Protein chains: 2
Amino acid sequence: MPQKIIRLTVSDVRFPTSLEQHGSDAMHTDPDYSVAYVVIETDQGMPGYGLTFTVGRGTEIVVCAVEALSALVVGKSLEEIVSDFRGFYRLLTSDGQMRWIGPEKGVIQLATAAVLNAVWDLWARSEGKPLWKLLVDMDPRKLISCIDFRYITDALTEQEALDILVKAQMGKQQRVDQMLKEGYPAYTTSCAWLGYSDQLLKQLCTDALNDGWTKFKVKVGADLEDDIRRCSLIRQMIGPNNTLMIDANQRWDVGEAITWVTRLAEYKPLWIEEPTSPDDILGHAAISKALAPLGIGVATGEQCHNRVMFKQFLQASALQFVQIDSCRLGSVNENLAVLLMAHKFKVPVCPHAGGVGLCELVQHLILFDYISVSASLDNRMCEFVDHLHEHFKSPVVIQNAHYMPPKDPGYSCEMLQSSVQRHQYPQGQVWKKLQGQ
Amino acid sequence: MPQKIIRLTVSDVRFPTSLEQHGSDAMHTDPDYSVAYVVIETDQGMPGYGLTFTVGRGTEIVVCAVEALSALVVGKSLEEIVSDFRGFYRLLTSDGQMRWIGPEKGVIQLATAAVLNAVWDLWARSEGKPLWKLLVDMDPRKLISCIDFRYITDALTEQEALDILVKAQMGKQQRVDQMLKEGYPAYTTSCAWLGYSDQLLKQLCTDALNDGWTKFKVKVGADLEDDIRRCSLIRQMIGPNNTLMIDANQRWDVGEAITWVTRLAEYKPLWIEEPTSPDDILGHAAISKALAPLGIGVATGEQCHNRVMFKQFLQASALQFVQIDSCRLGSVNENLAVLLMAHKFKVPVCPHAGGVGLCELVQHLILFDYISVSASLDNRMCEFVDHLHEHFKSPVVIQNAHYMPPKDPGYSCEMLQSSVQRHQYPQGQVWKKLQGQ
């Protein structure tokens, strides 16, 4: 019997992370990690949970956008949606009136992500599988039918995408077994937020090394002398053989990025992340070209707003690491397109995570990438940040600096009801207390 | 005495244009032309009016975003804002929390445009000048101080921008006089919306020719045989010496765009507008290259979301006509940056207009472009659509297919109170009636 979606609710849930400078970087100096949290429900009582990540103010705008999209979802059956998921994706992203305020970017795309993440969660739950397993078990033709190829056929045709998936069927079961045993390699960003003191940085770094971490990211971009001191400190702590990445969060213009990173080259960073505007494909290409002789790659993607932008970053050799985001792009559907394009262009995918729920979500996508697309771990790792996992019903499991594949059915972003209630903005208990009420 | 902004209100105002297929194109099949309409007010009783254009559903999301930005505006004085307008622009576009849901794109940038359009209107009113005259009279250094050069210095430095403005001081008064006498050349899009019948198209075309129009734009992209018939019809009507432009509103992928437009080449369109995704810089570059031998240029910009994108379109030779939009970019501030970059790259600016209030607003910018930046009318013209002007207090004046420079102080987007009231969504009389209430 088809399951009809009869209800969609959305909540503005915020965590006061700015109080302790968690998540602070050169452009986001006081983030309050937040989500627009979506719950859908079918007439058979099956729930689907989805979210998109935000950093405080403005979450209410995304909530408003989710409410606008809900009319396109409620009343549809899950079967109807997944039997033509490409069409449903197009319905949400190309509504003849709403596409004007995007298209496929910013608030409306974040809202699309939240809604579709909930639909994918519902689908995976209906099949009784974690999302990564739903994807891994899915027939390649069915996977392809979830992707909107509009605007990317000059870089990747449907046939090419299918060929990639069919080819990667070989050895799939071994990779599943390997992942279940070893997990997917991760790196940590928890040690070196920009607002942390040197002492805290040292302490966190020591702890992380003891816990088996070998790959570390440090925030840079506010002050060059500070960056030199912090990079030197962390390189000293981790030694020459561990991996260091640096992240400027869009702080520079093109010329400035090249000069600044050149000054940090002696600390041997693997990549510079978000050196400039996330929209500047040609700028990233110029930076990539200038830094290649220093052995430093360019990584970007957490604010790359759709597959059309990723296509161009790849076409222009503007990045050496693709950082997909589970909540910025249009959910699994659009991420599938990007994973397949990255594979065609031979660029490794190293997902963005952290925030609230991003680790929980994106682990599914990168497991699928390894098992069913890339079949490689070379130069690949998934970001990990150790904050706010306690608010999730099935939080990520990290063992020896690896993501262990989730086992519970769904997309892992169901939050604890008590967490949602207490952190609702502005009426939740946590916020009332902070406002002295 | 400084004028303090003490209030900001925003309304969701919609016109049921979809009932008659006005504004219909290949991607926006049923637009209800709408605005998020902003009124600011100072403690001295001076108002400022601003808006951003939308096409129906989703306007409430932009309204929500304007409300979020209002906290950054209310309480500031006009003098404080314009004494560091670059800083104020940065404050709105780079709020440490809200930039996450952009940055500088989509809903939040549309809201920024609405708010800043009202601030510019207030400034022009305070000086007792129409906006174009405020700009034309302004010292070049002051103009430059309104622009945020972040992320564009690799294409245009402050010094280069200043040099362009200083150089164009020569002959300025003659160009002011010329504009006051002759007006700025316009083209019409009113004749050939996609939803119009051939008969209506013929009638409107005949009327337009009688009114002195010589440049016509026709919507294409839904069906090739239809397009051939319509282009043939309109070329027959206007004769070989008048100008024809075609507009696909992002309907195609890159390869398809080239094939389709090649089939329409015999009707000698000056440009193909929005052949593909507005985000696809490299795609537009490929299309430009393929169509150049046919003498057809590429035009785009109405959904180009910020100066960083325009910078790359220019760097990549991806367009031959820059179509700025008064409500998509971050108001006058960001449009100044684009006008100056276009001049440096020697690409003519032909603004997007139509909708609700876009003609009223953008005429000021293109007058400034001619008088103070480009000093040229070669290959330049401003779009005109003859809808909904009756709702404005100082509607555009068209004479002999030219925009006559506005004389009233401000930015020309004050709407009639009665129009705003009647068209408020959903509670206005017009909407109540349509919903049978």
# chains A, B, ... in the order shown; residues from 1 in each chain; ligands from 1
call {"tool": "residues_around", "arguments": {"residues": "Asp43 (chain B)", "least_positions_apart": "2", "cutoff": "9 Å", "atoms": "only C-alpha atoms", "output": "list of chain:residue names"}}
result
B:Gln3, B:Lys4, B:Ile5, B:Ile6, B:Arg7, B:Glu41, B:Gly45, B:Met46
call {"tool": "interface_residues", "arguments": {"of": "chain B", "to": "chain A", "cutoff": "7 Å", "atoms": "only C-alpha atoms", "output": "PDB file with C-alpha atoms, in the first residue's frame"}}
result
ATOM      1  CA  MET B  27      10.952  28.629 -17.403  1.00  0.00           C
ATOM      2  CA  HIS B  28       8.477  30.930 -15.699  1.00  0.00           C
ATOM      3  CA  THR B  29       5.218  29.789 -17.180  1.00  0.00           C
ATOM      4  CA  ASP B  30       2.813  31.459 -14.756  1.00  0.00           C
ATOM      5  CA  PRO B  31       4.451  34.467 -13.102  1.00  0.00           C
ATOM      6  CA  THR B  54       9.772  38.470  -7.462  1.00  0.00           C
ATOM      7  CA  VAL B  55       7.245  36.428  -9.432  1.00  0.00           C
ATOM      8  CA  GLY B  56       4.679  35.281  -6.865  1.00  0.00           C
ATOM      9  CA  ARG B  57       5.174  32.356  -4.506  1.00  0.00           C
ATOM     10  CA  GLY B  58       8.282  32.835  -2.406  1.00  0.00           C
ATOM     11  CA  ILE B  61      10.468  34.361   2.076  1.00  0.00           C
ATOM     12  CA  CYS B  64      11.087  37.386   6.006  1.00  0.00           C
ATOM     13  CA  ALA B  65      14.695  38.088   4.967  1.00  0.00           C
ATOM     14  CA  ALA B  68      15.883  39.863   9.452  1.00  0.00           C
ATOM     15  CA  GLY B  96      28.805  36.735  10.709  1.00  0.00           C
ATOM     16  CA  GLN B  97      25.707  34.550  11.008  1.00  0.00           C
ATOM     17  CA  MET B  98      23.481  35.477   8.074  1.00  0.00           C
ATOM     18  CA  TRP B 100      25.957  31.467   5.717  1.00  0.00           C
ATOM     19  CA  ILE B 101      22.578  31.387   3.968  1.00  0.00           C
ATOM     20  CA  GLY B 102      23.998  33.320   1.000  1.00  0.00           C
ATOM     21  CA  LYS B 105      23.059  35.382  -3.460  1.00  0.00           C
ATOM     22  CA  GLY B 106      19.446  34.332  -3.735  1.00  0.00           C
ATOM     23  CA  VAL B 107      16.900  35.375  -1.148  1.00  0.00           C
ATOM     24  CA  ARG B 150      36.154  42.422  -1.967  1.00  0.00           C
ATOM     25  CA  TYR B 151      36.706  39.530  -4.404  1.00  0.00           C
ATOM     26  CA  THR B 153      40.438  43.344  -7.118  1.00  0.00           C
ATOM     27  CA  ASP B 154      41.991  40.815  -9.496  1.00  0.00           C
ATOM     28  CA  ASP B 253      21.962  22.808 -21.773  1.00  0.00           C
ATOM     29  CA  VAL B 254      25.100  24.074 -23.485  1.00  0.00           C
ATOM     30  CA  GLY B 255      25.067  21.840 -26.553  1.00  0.00           C
ATOM     31  CA  SER B 277      21.930  28.242 -16.304  1.00  0.00           C
ATOM     32  CA  ASP B 279      25.535  30.153 -12.972  1.00  0.00           C
ATOM     33  CA  ASP B 280      27.272  28.594 -15.957  1.00  0.00           C
ATOM     34  CA  LEU B 282      32.079  28.433 -18.781  1.00  0.00           C
ATOM     35  CA  VAL B 308      31.924  38.002  -8.396  1.00  0.00           C
ATOM     36  CA  MET B 309      29.868  36.212 -11.026  1.00  0.00           C
ATOM     37  CA  GLN B 312      34.055  35.976 -14.211  1.00  0.00           C
TER      38      GLN B 312
END
call {"tool": "residues_around", "arguments": {"residues": "Asp325 (chain A)", "least_positions_apart": "4", "cutoff": "9 Å", "atoms": "only C-alpha atoms", "output": "NGL selection string"}}
result
:A and (301-304 or 329 or 331 or 335 or 351-353 or 358 or 362)
call {"tool": "write_last_selection", "arguments": {"atoms": "N, CA, C and O atoms", "output": "compact mmCIF listing (two decimals), in the first residue's frame"}}
result
# COMPACT_ATOMS: atom_id res chain seq x y z
N GLY A 301 33.96 23.82 -1.48
CA GLY A 301 32.69 23.17 -1.75
C GLY A 301 31.61 23.37 -0.71
O GLY A 301 30.44 23.27 -1.03
N GLU A 302 31.96 23.68 0.54
CA GLU A 302 30.91 23.73 1.56
C GLU A 302 29.90 24.82 1.26
O GLU A 302 28.77 24.77 1.72
N GLN A 303 30.32 25.86 0.50
CA GLN A 303 29.36 26.86 0.08
C GLN A 303 29.22 26.93 -1.44
O GLN A 303 28.77 27.93 -1.99
N CYS A 304 29.60 25.85 -2.09
CA CYS A 304 29.39 25.75 -3.54
C CYS A 304 27.94 25.33 -3.72
O CYS A 304 27.52 24.27 -3.28
N LEU A 329 23.93 21.49 -1.02
CA LEU A 329 23.41 20.98 -2.30
C LEU A 329 22.02 20.38 -2.09
O LEU A 329 21.60 20.15 -0.96
N SER A 331 20.34 17.83 -1.52
CA SER A 331 20.26 16.50 -0.91
C SER A 331 21.06 15.45 -1.68
O SER A 331 22.00 15.77 -2.41
N ASN A 335 24.00 15.58 -4.79
CA ASN A 335 25.32 15.07 -4.41
C ASN A 335 25.75 13.89 -5.29
O ASN A 335 26.93 13.75 -5.59
N PRO A 351 34.49 15.20 2.00
CA PRO A 351 33.31 15.98 2.39
C PRO A 351 33.53 16.97 3.53
O PRO A 351 34.36 16.75 4.41
N HIS A 352 32.73 18.03 3.47
CA HIS A 352 32.62 18.99 4.56
C HIS A 352 31.68 18.40 5.62
O HIS A 352 30.65 17.83 5.29
N ALA A 353 32.06 18.53 6.88
CA ALA A 353 31.17 18.11 7.96
C ALA A 353 31.38 19.03 9.15
O ALA A 353 32.03 20.06 9.06
N LEU A 358 25.93 17.48 10.28
CA LEU A 358 26.59 17.30 8.98
C LEU A 358 27.42 16.02 8.94
O LEU A 358 27.47 15.33 7.92
N VAL A 362 26.69 13.19 6.14
CA VAL A 362 27.61 13.05 4.99
C VAL A 362 28.38 11.74 5.02
O VAL A 362 28.86 11.28 3.97
call {"tool": "closest_residue", "arguments": {"among": "A:Leu209, A:Ala401, A:Leu367, A:Ala292", "to": "Leu135 (chain A)", "atoms": "only C-alpha atoms"}}
result
A:Leu367
call {"tool": "select_by_dssp", "arguments": {"residues": "region 33-103 of chain A", "states": "strand (DSSP E or B)", "output": "list in words"}}
result
Ser34, Val35, Ala36, Tyr37, Val38, Val39, Ile40, Glu41, Thr42, Pro47, Gly48, Tyr49, Gly50, Leu51, Thr52, Phe53, Thr54 and Ser77 of chain A
call {"tool": "decode", "arguments": {"residues": "region 106-215 of chain B", "atoms": "C-alpha atoms", "output": "PDB file, in the first residue's frame"}}
result
ATOM      1  CA  GLY B 106      19.446  34.332  -3.735  1.00  0.00           C
ATOM      2  CA  VAL B 107      16.900  35.375  -1.148  1.00  0.00           C
ATOM      3  CA  ILE B 108      19.270  37.227   1.154  1.00  0.00           C
ATOM      4  CA  GLN B 109      20.781  39.287  -1.681  1.00  0.00           C
ATOM      5  CA  LEU B 110      17.320  40.134  -3.039  1.00  0.00           C
ATOM      6  CA  ALA B 111      16.413  41.345   0.447  1.00  0.00           C
ATOM      7  CA  THR B 112      19.635  43.354   0.643  1.00  0.00           C
ATOM      8  CA  ALA B 113      18.693  44.981  -2.670  1.00  0.00           C
ATOM      9  CA  ALA B 114      15.234  45.962  -1.398  1.00  0.00           C
ATOM     10  CA  VAL B 115      16.637  47.503   1.776  1.00  0.00           C
ATOM     11  CA  LEU B 116      19.509  49.339   0.100  1.00  0.00           C
ATOM     12  CA  ASN B 117      17.286  50.583  -2.720  1.00  0.00           C
ATOM     13  CA  ALA B 118      15.231  52.282   0.004  1.00  0.00           C
ATOM     14  CA  VAL B 119      18.355  53.773   1.568  1.00  0.00           C
ATOM     15  CA  TRP B 120      19.488  55.157  -1.807  1.00  0.00           C
ATOM     16  CA  ASP B 121      15.999  56.546  -2.376  1.00  0.00           C
ATOM     17  CA  LEU B 122      16.165  58.250   1.009  1.00  0.00           C
ATOM     18  CA  TRP B 123      19.594  59.688   0.217  1.00  0.00           C
ATOM     19  CA  ALA B 124      18.461  61.067  -3.148  1.00  0.00           C
ATOM     20  CA  ARG B 125      15.323  62.559  -1.600  1.00  0.00           C
ATOM     21  CA  SER B 126      17.408  64.187   1.133  1.00  0.00           C
ATOM     22  CA  GLU B 127      19.487  65.824  -1.570  1.00  0.00           C
ATOM     23  CA  GLY B 128      16.380  66.769  -3.528  1.00  0.00           C
ATOM     24  CA  LYS B 129      17.623  64.981  -6.646  1.00  0.00           C
ATOM     25  CA  PRO B 130      16.602  62.039  -8.775  1.00  0.00           C
ATOM     26  CA  LEU B 131      19.018  59.210  -8.053  1.00  0.00           C
ATOM     27  CA  TRP B 132      20.790  59.372 -11.423  1.00  0.00           C
ATOM     28  CA  LYS B 133      21.592  63.038 -10.766  1.00  0.00           C
ATOM     29  CA  LEU B 134      22.810  62.306  -7.248  1.00  0.00           C
ATOM     30  CA  LEU B 135      25.237  59.811  -8.779  1.00  0.00           C
ATOM     31  CA  VAL B 136      26.251  62.020 -11.702  1.00  0.00           C
ATOM     32  CA  ASP B 137      26.999  64.960  -9.365  1.00  0.00           C
ATOM     33  CA  MET B 138      28.858  62.870  -6.816  1.00  0.00           C
ATOM     34  CA  ASP B 139      32.617  63.178  -6.476  1.00  0.00           C
ATOM     35  CA  PRO B 140      34.295  60.104  -7.995  1.00  0.00           C
ATOM     36  CA  ARG B 141      36.058  59.327  -4.711  1.00  0.00           C
ATOM     37  CA  LYS B 142      32.761  59.350  -2.899  1.00  0.00           C
ATOM     38  CA  LEU B 143      31.248  57.021  -5.511  1.00  0.00           C
ATOM     39  CA  ILE B 144      34.147  54.625  -5.108  1.00  0.00           C
ATOM     40  CA  SER B 145      33.661  54.636  -1.343  1.00  0.00           C
ATOM     41  CA  CYS B 146      30.210  53.072  -1.844  1.00  0.00           C
ATOM     42  CA  ILE B 147      31.641  49.965  -3.547  1.00  0.00           C
ATOM     43  CA  ASP B 148      32.803  46.796  -1.813  1.00  0.00           C
ATOM     44  CA  PHE B 149      35.817  45.696  -3.871  1.00  0.00           C
ATOM     45  CA  ARG B 150      36.154  42.422  -1.967  1.00  0.00           C
ATOM     46  CA  TYR B 151      36.706  39.530  -4.404  1.00  0.00           C
ATOM     47  CA  ILE B 152      37.030  41.701  -7.522  1.00  0.00           C
ATOM     48  CA  THR B 153      40.438  43.344  -7.118  1.00  0.00           C
ATOM     49  CA  ASP B 154      41.991  40.815  -9.496  1.00  0.00           C
ATOM     50  CA  ALA B 155      39.776  42.321 -12.232  1.00  0.00           C
ATOM     51  CA  LEU B 156      39.359  45.943 -11.106  1.00  0.00           C
ATOM     52  CA  THR B 157      41.285  47.862  -8.470  1.00  0.00           C
ATOM     53  CA  GLU B 158      39.994  50.937  -6.669  1.00  0.00           C
ATOM     54  CA  GLN B 159      42.528  53.051  -8.539  1.00  0.00           C
ATOM     55  CA  GLU B 160      41.379  51.733 -11.922  1.00  0.00           C
ATOM     56  CA  ALA B 161      37.773  52.417 -10.993  1.00  0.00           C
ATOM     57  CA  LEU B 162      38.640  55.935  -9.935  1.00  0.00           C
ATOM     58  CA  ASP B 163      40.551  56.550 -13.160  1.00  0.00           C
ATOM     59  CA  ILE B 164      37.531  55.489 -15.221  1.00  0.00           C
ATOM     60  CA  LEU B 165      35.254  57.891 -13.361  1.00  0.00           C
ATOM     61  CA  VAL B 166      37.702  60.786 -13.473  1.00  0.00           C
ATOM     62  CA  LYS B 167      38.283  60.318 -17.195  1.00  0.00           C
ATOM     63  CA  ALA B 168      34.531  60.347 -17.866  1.00  0.00           C
ATOM     64  CA  GLN B 169      34.132  63.732 -16.197  1.00  0.00           C
ATOM     65  CA  MET B 170      35.029  65.190 -19.584  1.00  0.00           C
ATOM     66  CA  GLY B 171      31.953  65.936 -21.637  1.00  0.00           C
ATOM     67  CA  LYS B 172      29.665  65.034 -18.789  1.00  0.00           C
ATOM     68  CA  GLN B 173      27.504  68.149 -19.006  1.00  0.00           C
ATOM     69  CA  GLN B 174      26.882  67.639 -22.734  1.00  0.00           C
ATOM     70  CA  ARG B 175      25.737  64.093 -22.048  1.00  0.00           C
ATOM     71  CA  VAL B 176      23.414  65.291 -19.274  1.00  0.00           C
ATOM     72  CA  ASP B 177      21.899  67.808 -21.689  1.00  0.00           C
ATOM     73  CA  GLN B 178      21.618  65.197 -24.426  1.00  0.00           C
ATOM     74  CA  MET B 179      19.824  62.771 -22.132  1.00  0.00           C
ATOM     75  CA  LEU B 180      17.431  65.442 -20.884  1.00  0.00           C
ATOM     76  CA  LYS B 181      16.601  66.245 -24.489  1.00  0.00           C
ATOM     77  CA  GLU B 182      16.599  62.833 -26.222  1.00  0.00           C
ATOM     78  CA  GLY B 183      16.411  60.270 -23.453  1.00  0.00           C
ATOM     79  CA  TYR B 184      18.112  56.871 -23.316  1.00  0.00           C
ATOM     80  CA  PRO B 185      17.382  54.340 -26.088  1.00  0.00           C
ATOM     81  CA  ALA B 186      15.043  51.487 -25.174  1.00  0.00           C
ATOM     82  CA  TYR B 187      13.870  48.182 -26.629  1.00  0.00           C
ATOM     83  CA  THR B 188      10.561  46.464 -26.039  1.00  0.00           C
ATOM     84  CA  THR B 189       9.755  43.004 -24.702  1.00  0.00           C
ATOM     85  CA  SER B 190       6.022  43.686 -24.487  1.00  0.00           C
ATOM     86  CA  CYS B 191       5.130  42.206 -27.866  1.00  0.00           C
ATOM     87  CA  ALA B 192       6.205  38.601 -27.674  1.00  0.00           C
ATOM     88  CA  TRP B 193       5.765  36.795 -24.387  1.00  0.00           C
ATOM     89  CA  LEU B 194       5.749  33.063 -24.834  1.00  0.00           C
ATOM     90  CA  GLY B 195       2.125  32.660 -23.847  1.00  0.00           C
ATOM     91  CA  TYR B 196       0.834  35.185 -26.423  1.00  0.00           C
ATOM     92  CA  SER B 197      -0.974  34.060 -29.567  1.00  0.00           C
ATOM     93  CA  ASP B 198       0.409  34.923 -33.015  1.00  0.00           C
ATOM     94  CA  GLN B 199      -2.487  37.274 -33.520  1.00  0.00           C
ATOM     95  CA  LEU B 200      -1.791  39.190 -30.322  1.00  0.00           C
ATOM     96  CA  LEU B 201       1.907  39.266 -31.204  1.00  0.00           C
ATOM     97  CA  LYS B 202       1.136  40.768 -34.623  1.00  0.00           C
ATOM     98  CA  GLN B 203      -1.165  43.386 -33.157  1.00  0.00           C
ATOM     99  CA  LEU B 204       1.283  44.432 -30.454  1.00  0.00           C
ATOM    100  CA  CYS B 205       4.114  44.553 -32.965  1.00  0.00           C
ATOM    101  CA  THR B 206       2.138  46.800 -35.303  1.00  0.00           C
ATOM    102  CA  ASP B 207       1.272  49.125 -32.436  1.00  0.00           C
ATOM    103  CA  ALA B 208       4.870  49.243 -31.274  1.00  0.00           C
ATOM    104  CA  LEU B 209       6.186  50.075 -34.752  1.00  0.00           C
ATOM    105  CA  ASN B 210       3.646  52.887 -34.950  1.00  0.00           C
ATOM    106  CA  ASP B 211       4.897  54.182 -31.603  1.00  0.00           C
ATOM    107  CA  GLY B 212       8.458  54.410 -32.907  1.00  0.00           C
ATOM    108  CA  TRP B 213       9.976  51.206 -31.506  1.00  0.00           C
ATOM    109  CA  THR B 214      12.867  49.769 -33.537  1.00  0.00           C
ATOM    110  CA  LYS B 215      14.216  47.040 -31.231  1.00  0.00           C
TER     111      LYS B 215
END
